[in-house]
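J.: Structure file structure-v7.cif, mmCIF, C-alpha atoms, is pasted below:
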data_model
loop_
_atom_site.label_atom_id
_atom_site.label_comp_id
_atom_site.auth_asym_id
_atom_site.auth_seq_id
_atom_site.Cartn_x
_atom_site.Cartn_y
_atom_site.Cartn_z
CA MET X 399 0.00 0.00 0.00
CA ILE X 400 2.82 2.37 0.94
CA ARG X 401 4.63 1.30 -2.23
CA VAL X 402 1.65 2.22 -4.41
CA LEU X 403 1.35 5.57 -2.63
CA VAL X 404 5.02 6.36 -3.25
CA ALA X 405 4.85 5.10 -6.85
CA ILE X 406 1.91 7.39 -7.59
CA LEU X 407 3.58 10.42 -5.99
CA VAL X 408 6.80 9.84 -7.95
CA ARG X 409 4.87 9.33 -11.18
CA GLU X 410 2.72 12.43 -10.76
CA LEU X 411 5.67 14.65 -9.90
CA ARG X 412 7.54 13.28 -12.91
CA LEU X 413 4.56 13.99 -15.17
CA ALA X 414 4.17 17.47 -13.74
CA ALA X 415 7.85 18.19 -14.39
CA ARG X 416 7.61 16.93 -17.98
CA ILE X 417 4.27 18.09 -19.30
CA GLY X 418 3.08 20.49 -16.63
CA ALA X 419 -0.32 18.80 -16.35
CA GLY X 420 -2.02 22.16 -16.11
CA VAL X 421 0.22 23.20 -13.24
CA GLU X 422 1.66 26.32 -14.81
CA LEU X 423 -1.78 27.29 -16.05
CA GLY X 424 -3.20 27.45 -12.52
CA ILE X 425 -0.24 29.36 -11.12
CA MET X 426 -0.14 31.80 -14.05
CA PHE X 427 -3.84 32.42 -13.65
CA PHE X 428 -3.32 33.14 -9.95
CA LEU X 429 -0.47 35.54 -10.73
CA ILE X 430 -2.35 37.37 -13.46
CA LEU X 431 -5.56 37.77 -11.48
CA ILE X 432 -3.71 39.24 -8.51
CA SER X 433 -1.46 41.50 -10.57
CA VAL X 434 -4.31 43.10 -12.51
CA MET X 435 -6.53 43.60 -9.46
CA PRO X 436 -4.74 46.76 -8.18
CA PHE X 437 -5.02 48.31 -11.65
CA ALA X 438 -8.72 47.54 -11.86
CA LEU X 439 -9.55 48.79 -8.38
CA GLY X 440 -7.65 52.07 -8.66
CA PRO X 441 -5.34 53.88 -6.25
CA ASP X 442 -7.45 53.50 -3.09
CA GLN X 443 -5.06 51.50 -0.93
CA LYS X 444 -7.52 51.11 1.95
CA LEU X 445 -10.10 49.52 -0.35
CA LEU X 446 -7.47 47.24 -1.82
CA SER X 447 -6.22 46.02 1.52
CA ARG X 448 -9.78 45.42 2.72
CA LEU X 449 -10.53 43.32 -0.37
CA ALA X 450 -7.17 41.53 -0.41
CA PRO X 451 -8.16 38.41 1.59
CA ALA X 452 -11.20 37.83 -0.61
CA ILE X 453 -9.26 38.40 -3.84
CA LEU X 454 -6.48 36.01 -2.83
CA TRP X 455 -8.91 33.28 -1.84
CA ILE X 456 -11.08 33.64 -4.94
CA ALA X 457 -7.95 33.49 -7.07
CA ALA X 458 -6.78 30.35 -5.25
CA LEU X 459 -10.21 28.73 -5.65
CA LEU X 460 -10.42 29.45 -9.38
CA ALA X 461 -6.81 28.41 -9.98
CA THR X 462 -7.53 25.09 -8.25
CA LEU X 463 -10.71 24.52 -10.26
CA LEU X 464 -8.80 25.16 -13.50
CA GLY X 465 -6.49 22.19 -13.05
CA LEU X 466 -9.02 19.73 -11.67
CA ASP X 467 -10.31 18.30 -14.93
CA ARG X 468 -6.87 16.83 -15.66
CA LEU X 469 -6.63 15.23 -12.23
CA LEU X 470 -8.10 11.90 -13.35
CA GLN X 471 -9.06 12.38 -16.98
CA ALA X 472 -5.64 11.83 -18.55
CA ASP X 473 -5.36 8.49 -16.77
CA GLU X 474 -8.88 7.56 -17.86
CA GLU X 475 -8.10 8.29 -21.52
CA ASP X 476 -5.01 6.08 -21.41
CA GLY X 477 -6.73 3.24 -19.58
CA VAL X 478 -4.71 3.65 -16.40
CA ILE X 479 -7.85 3.96 -14.25
CA ASP X 480 -8.79 0.42 -15.37
CA GLU X 481 -5.40 -0.76 -14.21
CA MET X 482 -5.88 0.96 -10.88
CA LEU X 483 -9.14 -0.93 -10.44
CA LEU X 484 -7.27 -4.22 -10.89
CA SER X 485 -4.74 -3.35 -8.20
CA ALA X 486 -4.80 -5.15 -4.88
CA CYS X 487 -4.33 -1.73 -3.30
CA PRO X 488 -7.70 -0.16 -2.40
CA LEU X 489 -8.88 2.39 -4.97
CA GLU X 490 -9.53 4.83 -2.11
CA VAL X 491 -5.81 4.89 -1.30
CA ILE X 492 -4.91 5.31 -4.97
CA VAL X 493 -7.17 8.31 -5.51
CA PHE X 494 -5.99 9.80 -2.22
CA ALA X 495 -2.41 9.63 -3.52
CA LYS X 496 -3.49 11.12 -6.86
CA ALA X 497 -5.13 14.09 -5.15
CA LEU X 498 -2.25 14.56 -2.73
CA ALA X 499 0.25 14.67 -5.62
CA HIS X 500 -2.02 17.09 -7.47
CA TRP X 501 -2.14 19.37 -4.43
CA LEU X 502 1.65 19.27 -4.08
CA VAL X 503 2.07 20.74 -7.55
CA THR X 504 -0.97 23.06 -7.66
CA GLY X 505 -2.12 24.02 -4.16
CA LEU X 506 1.19 24.15 -2.32
CA PRO X 507 2.85 26.65 -4.72
CA LEU X 508 -0.18 28.95 -4.31
CA ALA X 509 0.10 28.86 -0.53
CA LEU X 510 3.82 29.66 -0.72
CA LEU X 511 3.37 32.44 -3.29
CA ALA X 512 0.39 34.09 -1.63
CA PRO X 513 2.20 36.14 1.05
CA LEU X 514 4.49 37.64 -1.61
CA LEU X 515 1.54 38.52 -3.77
CA GLY X 516 -0.29 39.80 -0.76
CA VAL X 517 2.18 42.69 -0.75
CA MET X 518 0.85 43.77 -4.14
CA LEU X 519 -2.62 43.94 -2.63
CA ALA X 520 -1.40 45.99 0.35
CA ILE X 521 -2.35 43.27 2.80
CA ALA X 522 -1.62 44.06 6.47
CA PRO X 523 1.82 42.70 7.50
CA ALA X 524 0.25 40.93 10.49
CA ALA X 525 -1.95 38.94 8.10
CA MET X 526 0.80 37.56 5.87
CA LEU X 527 1.67 34.44 7.83
CA PRO X 528 -1.95 33.67 8.71
CA LEU X 529 -2.71 33.98 4.98
CA ALA X 530 -0.05 31.42 4.08
CA LEU X 531 -1.24 29.17 6.90
CA ALA X 532 -4.88 29.44 5.86
CA LEU X 533 -4.02 28.60 2.26
CA LEU X 534 -1.77 25.76 3.37
CA ILE X 535 -4.63 24.26 5.36
CA GLY X 536 -7.47 25.29 3.06
CA THR X 537 -6.21 24.42 -0.43
CA PRO X 538 -6.10 20.66 0.29
CA ALA X 539 -9.82 20.91 1.04
CA LEU X 540 -10.38 22.53 -2.37
CA THR X 541 -8.36 19.85 -4.19
CA PHE X 542 -9.98 16.95 -2.33
CA ILE X 543 -13.52 18.27 -2.74
CA GLY X 544 -12.65 18.72 -6.40
CA LEU X 545 -11.51 15.09 -6.52
CA ILE X 546 -15.12 13.94 -6.11
CA GLY X 547 -16.20 16.08 -9.05
CA ALA X 548 -13.25 14.91 -11.13
CA ALA X 549 -14.19 11.27 -10.48
CA LEU X 550 -17.85 11.84 -11.37
CA THR X 551 -17.05 13.57 -14.66
CA VAL X 552 -14.06 11.42 -15.64
CA THR X 553 -15.69 9.74 -18.63
CA LEU X 554 -17.16 12.94 -20.06
CA ARG X 555 -15.27 14.44 -22.98
CA ARG X 556 -15.74 18.02 -21.86
CA GLY X 557 -16.36 17.45 -18.21
CA GLY X 558 -14.55 20.58 -17.05
CA LEU X 559 -17.62 22.78 -17.14
CA LEU X 560 -19.86 20.32 -15.29
CA LEU X 561 -17.04 19.70 -12.84
CA SER X 562 -16.83 23.39 -11.89
CA VAL X 563 -20.59 23.62 -11.45
CA LEU X 564 -20.64 20.51 -9.25
CA VAL X 565 -17.69 21.50 -7.11
CA MET X 566 -18.24 25.24 -6.69
CA PRO X 567 -21.06 25.11 -4.09
CA LEU X 568 -19.15 22.60 -1.97
CA THR X 569 -16.14 24.90 -1.75
CA VAL X 570 -18.08 27.85 -0.33
CA PRO X 571 -17.51 26.98 3.38
CA THR X 572 -13.76 26.70 2.75
CA LEU X 573 -13.83 30.10 1.10
CA ILE X 574 -15.80 31.71 3.94
CA PHE X 575 -13.55 30.47 6.74
CA GLY X 576 -10.37 30.94 4.72
CA VAL X 577 -11.18 34.60 4.12
CA ALA X 578 -12.27 34.99 7.75
CA VAL X 579 -8.85 33.85 9.01
CA VAL X 580 -7.06 36.49 6.96
CA ARG X 581 -9.54 39.26 7.75
CA GLU X 582 -9.44 38.65 11.51
CA ALA X 583 -5.63 38.57 11.43
CA ALA X 584 -5.48 41.79 9.40
CA GLU X 585 -7.64 43.56 11.98
CA GLY X 586 -5.51 42.28 14.83
CA ARG X 587 -8.11 39.93 16.30
CA SER X 588 -7.71 36.27 17.16
CA PHE X 589 -8.32 34.00 14.18
CA ALA X 590 -8.38 30.72 16.11
CA THR X 591 -12.07 30.03 15.49
CA PRO X 592 -12.14 30.31 11.68
CA LEU X 593 -8.81 28.49 11.49
CA SER X 594 -10.14 25.54 13.51
CA LEU X 595 -13.24 25.36 11.33
CA LEU X 596 -11.08 25.53 8.20
CA THR X 597 -8.88 22.73 9.53
CA GLY X 598 -11.98 20.68 10.31
CA ILE X 599 -13.30 21.08 6.76
CA SER X 600 -9.93 20.06 5.36
CA LEU X 601 -9.65 16.97 7.53
CA ILE X 602 -13.18 15.85 6.67
CA ALA X 603 -12.44 16.34 2.96
CA LEU X 604 -9.20 14.33 3.24
CA VAL X 605 -11.09 11.37 4.68
CA VAL X 606 -14.46 11.47 2.97
CA SER X 607 -13.63 12.50 -0.58
CA PRO X 608 -11.30 9.59 -1.50
CA ILE X 609 -14.11 7.20 -0.47
CA ALA X 610 -16.68 9.14 -2.50
CA ALA X 611 -14.33 9.49 -5.47
CA ALA X 612 -13.50 5.76 -5.52
CA ALA X 613 -17.22 4.94 -5.43
CA ALA X 614 -17.80 7.40 -8.30
CA LEU X 615 -15.01 5.84 -10.38
CA ARG X 616 -16.51 2.38 -9.92
CA LEU X 617 -19.90 3.76 -10.95
CA THR X 618 -18.55 5.28 -14.16
CA ARG X 619 -17.20 1.95 -15.47
CA GLY X 620 -19.53 0.84 -18.20
CA MET V 459 -29.01 -7.00 -23.85
CA LEU V 460 -25.76 -7.82 -25.61
CA PHE V 461 -25.55 -11.54 -24.87
CA SER V 462 -26.90 -14.17 -22.50
CA GLY V 463 -26.28 -17.79 -21.64
CA VAL V 464 -22.52 -17.40 -21.91
CA ASP V 465 -20.73 -19.87 -19.67
CA VAL V 466 -16.97 -20.16 -19.59
CA THR V 467 -14.72 -21.91 -17.10
CA LEU V 468 -11.00 -21.29 -16.94
CA ALA V 469 -9.05 -24.03 -15.18
CA PRO V 470 -5.28 -23.95 -14.62
CA GLY V 471 -3.58 -24.49 -17.96
CA ASP V 472 -6.66 -23.52 -19.96
CA LEU V 473 -6.51 -21.38 -23.06
CA VAL V 474 -9.83 -20.22 -24.42
CA THR V 475 -10.01 -18.15 -27.57
CA LEU V 476 -12.97 -15.88 -27.92
CA THR V 477 -14.17 -15.22 -31.43
CA GLY V 478 -17.08 -13.43 -33.01
CA PRO V 479 -17.94 -10.65 -35.43
CA ASN V 480 -17.30 -7.00 -34.56
CA GLY V 481 -19.79 -5.83 -31.99
CA ALA V 482 -20.62 -9.32 -30.75
CA GLY V 483 -19.54 -8.35 -27.24
CA LYS V 484 -16.07 -9.89 -26.94
CA SER V 485 -14.56 -6.82 -25.28
CA THR V 486 -17.61 -6.33 -23.10
CA LEU V 487 -17.48 -9.93 -21.89
CA MET V 488 -13.80 -9.48 -21.00
CA ARG V 489 -14.47 -6.24 -19.14
CA ILE V 490 -17.32 -7.90 -17.24
CA ILE V 491 -15.05 -10.77 -16.19
CA ALA V 492 -12.40 -8.26 -15.12
CA GLY V 493 -15.00 -6.40 -13.07
CA LEU V 494 -14.60 -3.26 -15.17
CA SER V 495 -18.10 -3.28 -16.64
CA PRO V 496 -21.44 -3.86 -14.94
CA ARG V 497 -23.50 -6.95 -15.73
CA GLU V 498 -27.27 -7.34 -15.80
CA GLU V 499 -27.20 -10.82 -14.30
CA GLY V 500 -24.88 -13.75 -13.77
CA THR V 501 -21.77 -14.14 -11.69
CA VAL V 502 -18.00 -14.18 -11.99
CA ASP V 503 -16.56 -16.62 -9.46
CA LEU V 504 -13.06 -17.44 -8.44
CA ASP V 505 -12.67 -20.94 -7.03
CA GLY V 506 -10.23 -21.69 -4.27
CA GLY V 507 -8.76 -19.41 -1.65
CA GLU V 508 -11.05 -17.41 0.55
CA ALA V 509 -14.66 -16.93 -0.38
CA ASP V 510 -14.48 -13.16 -0.58
CA ASN V 511 -11.56 -13.17 -2.99
CA ASP V 512 -11.96 -10.51 -5.62
CA PRO V 513 -11.17 -12.01 -9.05
CA SER V 514 -9.92 -8.66 -10.32
CA THR V 515 -6.77 -8.84 -8.20
CA TYR V 516 -5.78 -12.16 -9.80
CA LEU V 517 -5.95 -11.15 -13.42
CA HIS V 518 -4.37 -9.08 -16.11
CA TYR V 519 -6.65 -7.25 -18.49
CA HIS V 520 -5.13 -6.05 -21.72
CA GLY V 521 -7.57 -3.89 -23.64
CA HIS V 522 -7.67 -1.37 -26.44
CA ARG V 523 -6.43 1.39 -24.18
CA GLU V 524 -3.04 0.18 -23.19
CA GLY V 525 -2.52 1.94 -19.89
CA LEU V 526 0.62 3.79 -21.00
CA ARG V 527 1.19 7.49 -20.42
CA GLU V 528 2.90 9.14 -23.37
CA ALA V 529 5.15 11.46 -21.37
CA LEU V 530 6.67 8.59 -19.37
CA THR V 531 9.26 6.16 -20.69
CA ALA V 532 8.44 2.52 -21.31
CA TRP V 533 10.38 1.58 -18.18
CA GLU V 534 8.63 4.18 -16.00
CA ASN V 535 5.22 3.05 -17.20
CA LEU V 536 5.98 -0.57 -16.41
CA ALA V 537 7.64 0.17 -13.07
CA PHE V 538 4.43 1.94 -12.09
CA ALA V 539 2.39 -1.05 -13.28
CA THR V 540 4.44 -3.41 -11.11
CA ALA V 541 3.73 -1.21 -8.10
CA LEU V 542 -0.02 -1.36 -8.85
CA TYR V 543 -0.04 -5.09 -9.55
CA GLY V 544 2.33 -6.07 -6.80
CA GLY V 545 5.20 -7.20 -9.02
CA ARG V 546 8.91 -6.56 -8.65
CA GLU V 547 10.55 -3.54 -10.29
CA ALA V 548 13.61 -5.66 -11.07
CA ALA V 549 11.44 -7.83 -13.33
CA VAL V 550 10.67 -4.93 -15.67
CA MET V 551 13.87 -5.02 -17.75
CA PRO V 552 13.85 -8.80 -18.33
CA ALA V 553 10.18 -8.54 -19.32
CA LEU V 554 10.94 -5.77 -21.83
CA GLU V 555 13.88 -7.81 -23.09
CA ARG V 556 11.65 -10.83 -23.68
CA LEU V 557 9.17 -8.72 -25.64
CA GLY V 558 11.98 -7.27 -27.75
CA ALA V 559 11.40 -3.84 -26.26
CA ARG V 560 14.70 -3.40 -24.43
CA ARG V 561 16.03 -0.99 -27.05
CA PHE V 562 13.38 1.61 -26.43
CA ALA V 563 12.96 1.12 -22.70
CA GLU V 564 14.27 4.61 -21.98
CA LEU V 565 12.27 6.37 -24.68
CA PRO V 566 9.05 8.20 -23.91
CA VAL V 567 6.06 6.19 -25.13
CA ARG V 568 5.04 9.23 -27.20
CA VAL V 569 7.68 8.43 -29.85
CA LEU V 570 6.92 4.70 -30.09
CA SER V 571 4.94 3.09 -32.92
CA ALA V 572 1.68 1.23 -32.32
CA GLY V 573 3.45 -2.13 -32.47
CA GLN V 574 6.18 -1.01 -30.09
CA ARG V 575 3.59 0.28 -27.63
CA ARG V 576 1.79 -3.03 -27.78
CA ARG V 577 5.03 -4.84 -26.91
CA VAL V 578 5.61 -2.53 -23.96
CA ALA V 579 2.04 -2.96 -22.74
CA LEU V 580 2.22 -6.73 -23.03
CA ALA V 581 5.52 -6.83 -21.11
CA ARG V 582 3.34 -6.07 -18.09
CA LEU V 583 2.11 -9.67 -18.18
CA LEU V 584 5.62 -10.89 -17.43
CA ALA V 585 6.77 -8.03 -15.18
CA ALA V 586 3.95 -8.62 -12.70
CA PRO V 587 2.90 -12.29 -12.85
CA ARG V 588 -0.78 -12.98 -12.33
CA PRO V 589 -2.51 -16.32 -12.99
CA ILE V 590 -5.33 -15.19 -15.27
CA TRP V 591 -4.74 -13.31 -18.52
CA LEU V 592 -7.60 -11.58 -20.30
CA LEU V 593 -6.21 -10.38 -23.62
CA ASP V 594 -8.38 -8.37 -25.96
CA GLU V 595 -6.92 -8.40 -29.48
CA PRO V 596 -3.31 -8.78 -28.31
CA LEU V 597 -2.07 -9.42 -31.83
CA ALA V 598 -3.36 -6.19 -33.37
CA ALA V 599 -0.58 -3.90 -34.69
CA LEU V 600 2.12 -6.53 -34.10
CA ASP V 601 4.41 -7.84 -36.85
CA VAL V 602 4.57 -11.56 -37.69
CA ALA V 603 7.45 -12.21 -35.29
CA GLY V 604 5.58 -10.33 -32.56
CA GLN V 605 2.42 -12.35 -33.12
CA GLU V 606 4.36 -15.60 -32.84
CA LEU V 607 6.04 -14.31 -29.70
CA ILE V 608 2.71 -13.53 -28.03
CA ALA V 609 1.32 -16.94 -28.98
CA ARG V 610 4.43 -18.53 -27.47
CA LEU V 611 4.11 -16.48 -24.26
CA VAL V 612 0.46 -17.46 -23.89
CA GLY V 613 1.42 -21.11 -24.47
CA GLU V 614 4.15 -20.94 -21.82
CA HIS V 615 1.83 -19.21 -19.37
CA CYS V 616 -0.75 -21.97 -19.74
CA ALA V 617 1.91 -24.68 -19.56
CA MET V 618 2.96 -23.25 -16.20
CA GLY V 619 -0.59 -23.57 -14.88
CA GLY V 620 -1.91 -20.16 -15.79
CA ALA V 621 -5.16 -19.54 -17.65
CA ALA V 622 -5.84 -17.25 -20.58
CA LEU V 623 -8.89 -15.93 -22.36
CA VAL V 624 -7.90 -14.36 -25.66
CA ALA V 625 -10.23 -12.44 -27.95
CA THR V 626 -8.82 -12.55 -31.44
CA HIS V 627 -9.67 -12.55 -35.12
CA GLN V 628 -6.46 -14.32 -36.10
CA PRO V 629 -5.81 -17.89 -34.97
CA LEU V 630 -3.17 -18.03 -32.25
CA GLY V 631 -1.73 -21.25 -33.65
CA ILE V 632 -1.76 -23.12 -30.34
CA GLU V 633 -4.05 -25.70 -28.79
CA GLY V 634 -7.03 -24.34 -26.92
CA ARG V 635 -10.79 -24.35 -26.60
CA ALA V 636 -12.87 -21.88 -28.54
CA LEU V 637 -15.84 -19.80 -27.46
CA ALA V 638 -17.76 -18.12 -30.23
CA LEU V 639 -20.10 -15.20 -29.64
CA ARG V 640 -22.55 -14.97 -32.52
CA GLY V 641 -23.69 -11.41 -32.11
CA PHE V 642 -27.18 -10.20 -32.92
CA GLN V 643 -29.37 -12.67 -34.78
#
Would you mind giving the structure from this file in structure tokens?
T.:
Amino acid sequence: MIRVLVAILVRELRLAARIGAGVELGIMFFLILISVMPFALGPDQKLLSRLAPAILWIAALLATLLGLDRLLQADEEDGVIDEMLLSACPLEVIVFAKALAHWLVTGLPLALLAPLLGVMLAIAPAAMLPLALALLIGTPALTFIGLIGAALTVTLRRGGLLLSVLVMPLTVPTLIFGVAVVREAAEGRSFATPLSLLTGISLIALVVSPIAAAAALRLTRG
Amino acid sequence: MLFSGVDVTLAPGDLVTLTGPNGAGKSTLMRIIAGLSPREEGTVDLDGGEADNDPSTYLHYHGHREGLREALTAWENLAFATALYGGREAAVMPALERLGARRFAELPVRVLSAGQRRRVALARLLAAPRPIWLLDEPLAALDVAGQELIARLVGEHCAMGGAALVATHQPLGIEGRALALRGFQ
């Protein structure tokens, strides 16, 4: 089981290094959205810094959604999902590893980049680390919730659109508490409550979504 | 309904060739046996071992989609397959060698021809040994030498007590039972 987990991580990182797998697309999108925001909102720095947490989180959410349709679909097209179903390793573990690898190359870079980009949005210095922390804890929830949608739409040729529609409502709680962490920190208040709720959502997603995604993959065989 | 009343038993050493016109349901039958497609009724049983044994972990299914990612090399694809199937990574190179695919082991699958890909995909059967082989058109795209090689490998597998169900339009040239699906009447 551990061997399969490691094999999947190595393979996904290799693929990401060679063909990108939509990785650069998500990060570029994140960069572009955040760089143009100050131009669009004008020179009011107070307004910008008040909106910064929301902008950063929306950008992270959309960047994550962008890459999700490739999470399982490339393997489906090449018949690798069939192979995974014939493995003695539980499918739940396999899809968990797939999503974890996907997060390492899409979600993690966003969390690391966000504090730097926060400067461009005039975010309060006190909120920088909480922002990185919130994204570090919150982006896995986005990826893993997205995993369920990716599994359900895996056999559809243009499943990306349906995938976004399916996943979007489920990501709203993550967005709310993620933004709350940064806002509370920026205003100098304690952000323990939203951070605990965000962590809770993430942990639930880590456990529940591989089970749901594996069930969805079995359903889509036909 | 695609077909009904199909009954096939694979004992150790059995080779069954599955024939029938296009669309008769050969691939579907294989996918049902592998547990990759749903069935309306009927059962797929594995005798021996524990009662709750899942047949799908004892078989190889080789279908039209070959399970190779183009950006990875032949070796990387197979090493990953051995991890999934519980084989040894050290067995990958000998398996590629046997299939005549050693030369392009380090090339990305993207640059390989259809026949070369087929050889790489079939090397999986040797790299991660499993008792039951379900091969759907394994001879397609292979040259004459390749077709003979596959027939020989299937023969050896059965001689060692394995079982194989092979869907094919060309005769394999070795002893075996035949199951013919007639298709729609």
J.: What are the residues of chain X lining chain V at 10 Å or less? Count only C-alpha atoms, and put the answer as a VMD selection string.
T.: chain X and resid 399 to 406 408 to 409 412 to 414 416 to 417 472 to 487 492 616 to 620
J.: When the PyMOL selection byres ((chain X and resi 605) around 12) is applied to the file above, which residues end up in the set, as a list in words?
T.: Glu490, Val491, Val493, Phe494, Ala497, Leu498, Pro538, Ala539, Phe542, Ile543, Leu545, Ile546, Gly598, Ile599, Ser600, Leu601, Ile602, Ala603, Leu604, Val606, Ser607, Pro608, Ile609, Ala610, Ala611 and Ala612 of chain X
J.: Considering only C-alpha atoms, state which residue in the set V:Leu584, V:Asp503, V:Arg577, V:His627 is at the smallest distance from Glu547 in chain V.
T.: V:Leu584
J.: With distances taken over all atoms listed in the file, which residue among V:Ala636, V:Leu570, V:Ala625, V:Leu580 lies nearest Gly483 in chain V?
T.: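 Among the listed residues, V:Ala625 lies closest to Gly483 in chain V.
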J.: So what do you get for CA of Ala522 in chain X versus CA of Ser447 in chain X, distance-wise?
T.: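 We find that CA of Ala522 in chain X and CA of Ser447 in chain X lie 7.0 Å from each other.
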J.: Find the distance between CA of Gly478 in chain V and CA of Glu499 in chain V and write it in Å to one decimal.
T.: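 Between CA of Gly478 in chain V and CA of Glu499 in chain V the gap works out to 21.4 Å.
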J.: Using only C-alpha atoms for the distances, tell me which of V:Leu600, V:Ala549, V:Gly558, V:Leu504 is nearest to Ser571 in chain V.
T.: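 The closest residue to Ser571 in chain V is V:Leu600.
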J.: Just give me the gap between CA of Gly576 in chain X and CA of Ala415 in chain X in Å, one decimal is fine.
T.: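 For CA of Gly576 in chain X relative to CA of Ala415 in chain X, the distance reads 29.3 Å.
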J.: Please provide the set of residues having any atom within 6 Å of range 455-469 of chain X, restricted to only C-alpha atoms, with same-chain residues fewer than 5 positions apart removed, written as a VMD selection string.
T.: chain X and resid 420 424 428 548 558
J.: Give the centre and edge lengths of an axis-aligned box, in Å to one decimal, that holds all listed atoms of range 593-604 of chain V with 3 Å on each side, as lines of an AutoDock Vina configuration file.
T.:
center_x = -0.5
center_y = -8.1
center_z = -30.7
size_x = 21.8
size_y = 14.3
size_z = 20.1
J.: Check what the PyMOL selection byres ((chain V and resi 628) around 12) selects in the file above and give those residues as a PyMOL selection string.
T.: chain V and resi 475-478+594-598+600+602+605-606+609+624-627+629-632
J.: I'd like to know which of V:Arg610, V:Ala572, V:Gly634, V:Leu554 is closest to Leu468 in chain V, using all atoms listed in the file.
T.: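 Answer, going by the shortest atom-to-atom distance: V:Gly634.
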